[in-house]
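Note: the block below is query-v3.csv and it holds CSV, C-alpha atoms.
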chain,number,residue,atom,x,y,z
R,86,GLY,CA,-9.2,-13.6,15.8
R,87,ALA,CA,-8.6,-13.0,12.1
R,88,GLY,CA,-5.2,-11.5,11.2
R,89,VAL,CA,-4.3,-9.2,8.3
R,90,SER,CA,-5.3,-10.7,5.0
R,91,GLN,CA,-4.0,-9.9,1.6
R,92,SER,CA,-5.1,-10.8,-1.9
R,93,PRO,CA,-4.1,-12.2,-4.3
R,94,SER,CA,-1.4,-14.2,-2.8
R,95,ASN,CA,0.4,-14.4,-6.1
R,96,LYS,CA,0.1,-12.2,-9.2
R,97,VAL,CA,1.8,-12.5,-12.5
R,98,THR,CA,1.3,-9.7,-14.9
R,99,GLU,CA,2.8,-8.4,-18.2
R,100,LYS,CA,5.0,-5.4,-18.3
R,101,GLY,CA,2.8,-2.3,-18.8
R,102,LYS,CA,-0.3,-3.6,-17.2
R,103,ASP,CA,-1.9,-2.2,-14.1
R,104,VAL,CA,-2.4,-4.2,-10.9
R,105,GLU,CA,-4.4,-3.8,-7.8
R,106,LEU,CA,-3.4,-5.4,-4.5
R,107,ARG,CA,-5.8,-5.7,-1.6
R,108,CYS,CA,-5.3,-5.6,2.2
R,109,ASP,CA,-7.8,-6.3,4.9
R,110,PRO,CA,-6.4,-5.1,8.3
R,111,ILE,CA,-7.3,-6.4,11.7
R,112,SER,CA,-10.7,-5.0,12.8
R,113,GLY,CA,-10.2,-2.0,15.0
R,114,HIS,CA,-6.7,-1.2,13.8
R,115,THR,CA,-6.6,2.5,12.8
R,116,ALA,CA,-3.2,2.4,11.2
R,117,LEU,CA,-2.3,0.6,8.0
R,118,TYR,CA,1.0,0.3,6.2
R,119,TRP,CA,2.3,-0.9,2.9
R,120,TYR,CA,5.8,-2.2,2.3
R,121,ARG,CA,7.7,-3.7,-0.6
R,122,GLN,CA,10.2,-6.5,-0.1
R,123,ARG,CA,12.5,-7.3,-3.0
R,124,LEU,CA,14.3,-10.6,-3.1
R,125,GLY,CA,17.2,-10.6,-0.6
R,126,GLN,CA,16.4,-7.0,0.5
R,127,GLY,CA,15.0,-5.4,3.6
R,128,LEU,CA,11.4,-4.1,3.7
R,129,GLU,CA,10.9,-0.7,2.1
R,130,PHE,CA,8.2,1.6,3.5
R,131,LEU,CA,5.7,2.7,0.8
R,132,ILE,CA,2.7,4.4,2.5
R,133,TYR,CA,1.0,4.8,5.8
R,134,PHE,CA,-2.6,5.5,6.7
R,135,GLN,CA,-3.7,6.7,10.1
R,136,GLY,CA,-7.5,7.1,10.7
R,137,ASN,CA,-8.9,10.0,8.7
R,138,SER,CA,-5.6,11.8,8.4
R,139,ALA,CA,-4.0,12.4,5.1
R,140,PRO,CA,-1.8,9.4,4.3
R,141,ASP,CA,2.0,9.6,4.4
R,142,LYS,CA,3.0,8.8,0.9
R,143,SER,CA,6.7,9.7,1.2
R,144,GLY,CA,7.8,6.1,0.5
R,145,LEU,CA,6.1,5.6,-2.8
R,146,PRO,CA,8.8,5.2,-5.4
R,147,SER,CA,7.1,6.8,-8.4
R,148,ASP,CA,3.8,8.3,-9.5
R,149,ARG,CA,2.9,4.9,-10.9
R,150,PHE,CA,2.2,3.8,-7.3
R,151,SER,CA,-0.9,4.9,-5.4
R,152,ALA,CA,-3.0,3.6,-2.5
R,153,GLU,CA,-6.4,4.2,-1.1
R,154,ARG,CA,-8.1,3.2,2.1
R,155,THR,CA,-11.8,3.3,2.9
R,156,GLY,CA,-12.3,4.6,6.4
R,157,GLU,CA,-10.4,2.3,8.7
R,158,SER,CA,-11.0,-0.8,6.6
R,159,VAL,CA,-9.7,-2.3,3.4
R,160,SER,CA,-6.9,-0.7,1.4
R,161,THR,CA,-5.8,-1.2,-2.2
R,162,LEU,CA,-2.4,-0.6,-3.6
R,163,THR,CA,-2.4,0.2,-7.3
R,164,ILE,CA,0.6,0.0,-9.6
R,165,GLN,CA,0.1,1.4,-13.0
R,166,ARG,CA,2.1,0.5,-16.1
R,167,THR,CA,4.1,-2.1,-14.2
R,168,GLN,CA,7.8,-2.5,-14.8
R,169,GLN,CA,10.0,-5.6,-14.2
R,170,GLU,CA,11.6,-3.8,-11.2
R,171,ASP,CA,8.2,-3.8,-9.5
R,172,SER,CA,8.5,-7.5,-9.0
R,173,ALA,CA,8.6,-8.1,-5.3
R,174,VAL,CA,6.5,-9.2,-2.3
R,175,TYR,CA,4.1,-6.4,-1.2
R,176,LEU,CA,3.4,-6.6,2.5
R,177,CYS,CA,0.6,-4.9,4.4
R,178,ALA,CA,0.5,-4.4,8.1
R,179,SER,CA,-1.9,-2.8,10.6
R,180,SER,CA,-1.6,-1.5,14.2
R,181,VAL,CA,-3.9,-0.2,16.9
R,182,GLY,CA,-2.4,3.3,17.1
R,183,GLN,CA,-0.6,6.0,15.3
R,184,GLY,CA,3.1,6.6,15.2
R,185,LEU,CA,5.1,4.5,12.8
R,186,GLY,CA,7.3,2.9,15.4
R,187,SER,CA,5.2,3.2,18.6
R,188,TYR,CA,2.8,0.3,18.2
R,189,GLU,CA,3.4,-3.3,17.1
R,190,GLN,CA,2.6,-3.9,13.5
R,191,TYR,CA,0.8,-7.1,12.5
R,192,PHE,CA,1.7,-8.2,9.0
R,193,GLY,CA,-0.2,-10.0,6.4
R,194,PRO,CA,1.2,-12.9,4.3
R,195,GLY,CA,2.0,-10.6,1.4
R,196,THR,CA,1.3,-10.6,-2.3
R,197,ARG,CA,4.1,-11.9,-4.5
R,198,LEU,CA,4.1,-9.8,-7.7
R,199,THR,CA,5.9,-11.0,-10.8
R,200,VAL,CA,6.1,-8.7,-13.8
R,201,THR,CA,7.2,-10.5,-17.0
X,259,LYS,CA,21.4,8.5,7.1
X,260,ASN,CA,19.7,6.0,9.3
X,261,GLN,CA,21.0,2.5,8.7
X,262,VAL,CA,20.5,-1.0,10.2
X,263,GLU,CA,23.2,-3.6,9.4
X,264,GLN,CA,22.6,-7.3,10.3
X,265,SER,CA,25.1,-10.1,10.4
X,266,PRO,CA,25.6,-12.8,9.4
X,267,GLN,CA,23.6,-12.6,6.2
X,268,SER,CA,22.9,-16.3,6.5
X,269,LEU,CA,23.6,-19.0,9.1
X,270,ILE,CA,23.3,-22.8,9.2
X,271,ILE,CA,23.3,-24.7,12.5
X,272,LEU,CA,22.4,-28.1,13.7
X,273,GLU,CA,19.2,-28.6,15.6
X,274,GLY,CA,19.6,-28.2,19.4
X,275,LYS,CA,22.5,-25.8,19.0
X,276,ASN,CA,22.5,-22.1,20.1
X,277,CYS,CA,23.2,-19.1,17.9
X,278,THR,CA,23.4,-15.4,18.1
X,279,LEU,CA,22.4,-12.9,15.4
X,280,GLN,CA,23.7,-9.3,15.4
X,281,CYS,CA,22.2,-5.9,14.6
X,282,ASN,CA,24.2,-2.7,14.4
X,283,TYR,CA,22.3,0.6,13.8
X,284,THR,CA,23.0,4.3,13.3
X,285,VAL,CA,19.4,5.5,13.9
X,286,SER,CA,19.0,8.7,15.7
X,287,PRO,CA,17.2,9.8,17.8
X,288,PHE,CA,16.6,6.2,19.0
X,289,SER,CA,13.1,5.2,20.0
X,290,ASN,CA,12.9,1.4,20.1
X,291,LEU,CA,14.3,-1.7,18.4
X,292,ARG,CA,12.3,-4.8,17.4
X,293,TRP,CA,13.3,-8.2,16.2
X,294,TYR,CA,10.9,-9.9,13.8
X,295,LYS,CA,10.8,-13.5,12.6
X,296,GLN,CA,9.7,-14.1,9.0
X,297,ASP,CA,8.9,-17.6,7.9
X,298,THR,CA,9.1,-18.3,4.2
X,299,GLY,CA,6.0,-17.0,2.4
X,300,ARG,CA,4.7,-15.3,5.5
X,301,GLY,CA,4.7,-11.8,6.9
X,302,PRO,CA,7.1,-10.9,9.8
X,303,VAL,CA,6.0,-11.6,13.3
X,304,SER,CA,7.3,-9.5,16.2
X,305,LEU,CA,9.5,-11.4,18.7
X,306,THR,CA,10.7,-8.6,21.1
X,307,ILE,CA,10.7,-4.8,21.4
X,308,MET,CA,13.3,-2.9,23.4
X,309,THR,CA,13.4,0.7,24.4
X,310,PHE,CA,16.4,2.8,25.4
X,311,SER,CA,16.3,1.8,29.0
X,312,GLU,CA,16.1,-2.0,28.5
X,313,ASN,CA,19.1,-4.1,27.8
X,314,THR,CA,17.7,-7.6,27.9
X,315,LYS,CA,14.3,-9.1,27.0
X,316,SER,CA,13.3,-12.7,26.6
X,317,ASN,CA,10.6,-14.4,24.7
X,318,GLY,CA,10.8,-18.2,25.3
X,319,ARG,CA,14.0,-19.4,23.7
X,320,TYR,CA,14.7,-16.0,22.2
X,321,THR,CA,16.7,-13.5,24.2
X,322,ALA,CA,17.4,-10.0,22.8
X,323,THR,CA,20.0,-7.7,24.1
X,324,LEU,CA,20.5,-4.0,23.5
X,325,ASP,CA,23.5,-1.8,24.1
X,326,ALA,CA,22.4,1.7,23.4
X,327,ASP,CA,25.9,3.2,23.9
X,328,THR,CA,27.4,1.1,21.1
X,329,LYS,CA,24.2,0.9,19.1
X,330,GLN,CA,24.2,-2.8,18.9
X,331,SER,CA,21.6,-5.5,19.5
X,332,SER,CA,21.8,-9.3,19.4
X,333,LEU,CA,19.2,-12.0,19.3
X,334,HIS,CA,20.2,-15.3,21.0
X,335,ILE,CA,18.3,-18.5,20.2
X,336,THR,CA,18.7,-21.3,22.6
X,337,ALA,CA,18.3,-25.0,21.9
X,338,SER,CA,17.3,-24.4,18.3
X,339,GLN,CA,14.4,-26.2,16.7
X,340,LEU,CA,13.6,-26.9,13.0
X,341,SER,CA,10.8,-24.4,13.2
X,342,ASP,CA,13.3,-21.7,14.0
X,343,SER,CA,14.4,-21.8,10.3
X,344,ALA,CA,13.4,-18.3,9.1
X,345,SER,CA,14.6,-14.8,8.4
X,346,TYR,CA,15.2,-12.6,11.4
X,347,ILE,CA,14.8,-8.9,10.8
X,348,CYS,CA,16.0,-6.1,13.1
X,349,VAL,CA,13.9,-2.9,12.9
X,350,VAL,CA,14.9,0.3,14.5
X,351,SER,CA,12.5,3.2,15.1
X,352,ALA,CA,13.6,6.8,15.3
X,353,ASN,CA,11.9,9.1,17.9
X,354,ASN,CA,10.2,11.3,15.4
X,355,GLY,CA,7.1,9.3,14.5
X,356,GLY,CA,7.4,10.1,10.9
X,357,ALA,CA,7.4,7.8,7.9
X,358,ASP,CA,11.1,7.8,7.6
X,359,GLY,CA,11.5,6.9,11.3
X,360,LEU,CA,11.4,3.2,10.7
X,361,THR,CA,14.6,1.5,9.3
X,362,PHE,CA,14.6,-2.2,8.5
X,363,GLY,CA,17.7,-4.4,8.3
X,364,LYS,CA,18.0,-6.9,5.4
X,365,GLY,CA,17.6,-9.8,7.8
X,366,THR,CA,19.6,-12.9,8.7
X,367,HIS,CA,18.5,-16.1,7.0
X,368,LEU,CA,18.8,-18.9,9.5
X,369,ILE,CA,18.6,-22.6,8.6
X,370,ILE,CA,18.3,-25.3,11.2
X,371,GLN,CA,19.4,-28.7,10.0
X,372,PRO,CA,18.3,-32.0,11.7
Target format structure tokens, applied to this file:
Amino acid sequence: GAGVSQSPSNKVTEKGKDVELRCDPISGHTALYWYRQRLGQGLEFLIYFQGNSAPDKSGLPSDRFSAERTGESVSTLTIQRTQQEDSAVYLCASSVGQGLGSYEQYFGPGTRLTVT
Amino acid sequence: KNQVEQSPQSLIILEGKNCTLQCNYTVSPFSNLRWYKQDTGRGPVSLTIMTFSENTKSNGRYTATLDADTKQSSLHITASQLSDSASYICVVSANNGGADGLTFGKGTHLIIQP
């Protein structure tokens, strides 16, 4: 079956511009996660959606970052007024159930964001 | 503060050889530990998951061990293949289900040479 898909695969933007990254989770997965992976660094948790519950936004690094999810389907991560330090790979993952560590997360291929 | 430390940072071995990657953690209360394989340009893929009561788990040529007393885990790769070249990430989950309950290591970058 189809896995987690993300688009675009690569995005180059100028400093100060806004960007939108998209994630399509595996059908039927109620939980969706966004992570950031800087070069040579581990994954950083950004935000977590579970069903219709309020999202856990505790990992968002600043108010320039926001994310939305429509029901239990597609999610978009928006970064406003991008800065060079936002350059990273942004990974999306989904899982069948709730609880951040309880269920296996299936990752998408990521979006590589470069801010010039 | 919960931390996961992996070693070595990078490793180069010849095809067919074995290797062992290390993961030390200070996550509490411990829930489970996963090893992921991340190929270049791809998302991580889960290899094994281990809970507190498990000390060994295998997945093909990959064998993970867990010592909950010393808070150490290892991933042993047997008879390495070129396709094993990837980053291997150790992820430890705390038993609180919250967003800060998942701690990722920085990974070990493994290169298999022919």
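For the set X:Leu324, X:Ile369, X:Ile347, X:Cys281, the residue with the smallest atom-to-atom gap to Gln264 of chain X is X:Cys281, counting all atoms listed in the file.
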*Fewer than 3 positions away in the same chain doesn't count, so skip those; otherwise give me all residues within 10 Å of segment 302-313 of chain X, counting all atoms listed in the file, as a PyMOL selection string.*
(chain R and resi 176+178+188-195) or (chain X and resi 288-299+316-318+320-327+331+333+344-351)
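Between atom CA of Ala116 of chain R and atom CA of Gly136 of chain R the separation is 6.4 Å.
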Starting from 5 Å padding per side, set up an axis-aligned box that covers all listed atoms of segment 275-288 of chain X and hand over centre and edge lengths in Å, one decimal, as JSON.
{"center_x": 20.4, "center_y": -8.0, "center_z": 16.7, "size_x": 17.6, "size_y": 45.6, "size_z": 16.8}
*chain X contacts to chain R at 6 Å (only C-alpha atoms) as an MDAnalysis selection string*: chainID X and resid 300:301 351 355 362:364
*Using only C-alpha atoms, which of R:Arg123, R:Glu157, R:Tyr118, R:Asp171 sits nearest Asn137 of chain R?*
R:Glu157
_Gap from atom CA of Asn353 of chain X to atom CA of Thr278 of chain X - Å, one decimal_ = 27.1 Å
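Distance-wise, atom CA of Ser343 of chain X and atom CA of Gln267 of chain X end up 13.6 Å apart.
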9 Å contact set for Pro372 of chain X, only C-alpha atoms, chain neighbours under 6 positions out, as a PDB file with C-alpha atoms, keeping the file's coordinate frame:
ATOM      1  CA  ILE X 271      23.300 -24.700  12.500  1.00  0.00           C
ATOM      2  CA  LEU X 272      22.400 -28.100  13.700  1.00  0.00           C
ATOM      3  CA  GLU X 273      19.200 -28.600  15.600  1.00  0.00           C
ATOM      4  CA  GLY X 274      19.600 -28.200  19.400  1.00  0.00           C
ATOM      5  CA  GLN X 339      14.400 -26.200  16.700  1.00  0.00           C
ATOM      6  CA  LEU X 340      13.600 -26.900  13.000  1.00  0.00           C
TER       7      LEU X 340
END
*asked:* Excluding Ala87 of chain R and its own-chain neighbours fewer than 5 positions away, which residues fall within 10 Å of it when counting only C-alpha atoms? Please give them as an NGL selection string.
replied: :R and (109-112)
*Which one is closest to Asn260 of chain X: X:His367, X:Lys315, X:Lys329, X:His334? Count all atoms listed in the file.*
X:Lys329
*Identify, on the basis of all atoms listed in the file, every residue whose closest approach to Gln165 of chain R does not exceed 8 Å; exclude the query and any residue fewer than 6 positions from it along the same chain; express the result as a list in words.*
Gly101, Lys102, Asp103, Val104, Arg149 and Phe150 of chain R
Deliver the residues from the most recent selection as a file, using C-alpha atoms, as a PDB file, in the frame of the given file.
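So the final result, stored in again.pdb, reads:
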ATOM      1  CA  GLY R 101       2.800  -2.300 -18.800  1.00  0.00           C
ATOM      2  CA  LYS R 102      -0.300  -3.600 -17.200  1.00  0.00           C
ATOM      3  CA  ASP R 103      -1.900  -2.200 -14.100  1.00  0.00           C
ATOM      4  CA  VAL R 104      -2.400  -4.200 -10.900  1.00  0.00           C
ATOM      5  CA  ARG R 149       2.900   4.900 -10.900  1.00  0.00           C
ATOM      6  CA  PHE R 150       2.200   3.800  -7.300  1.00  0.00           C
TER       7      PHE R 150
END
*Quick one: residues within 12 Å of Thr201 of chain R, all atoms listed in the file counted, chain neighbours fewer than 5 positions away excluded, as a ChimeraX atom specification?*
/R:96-102,167-172
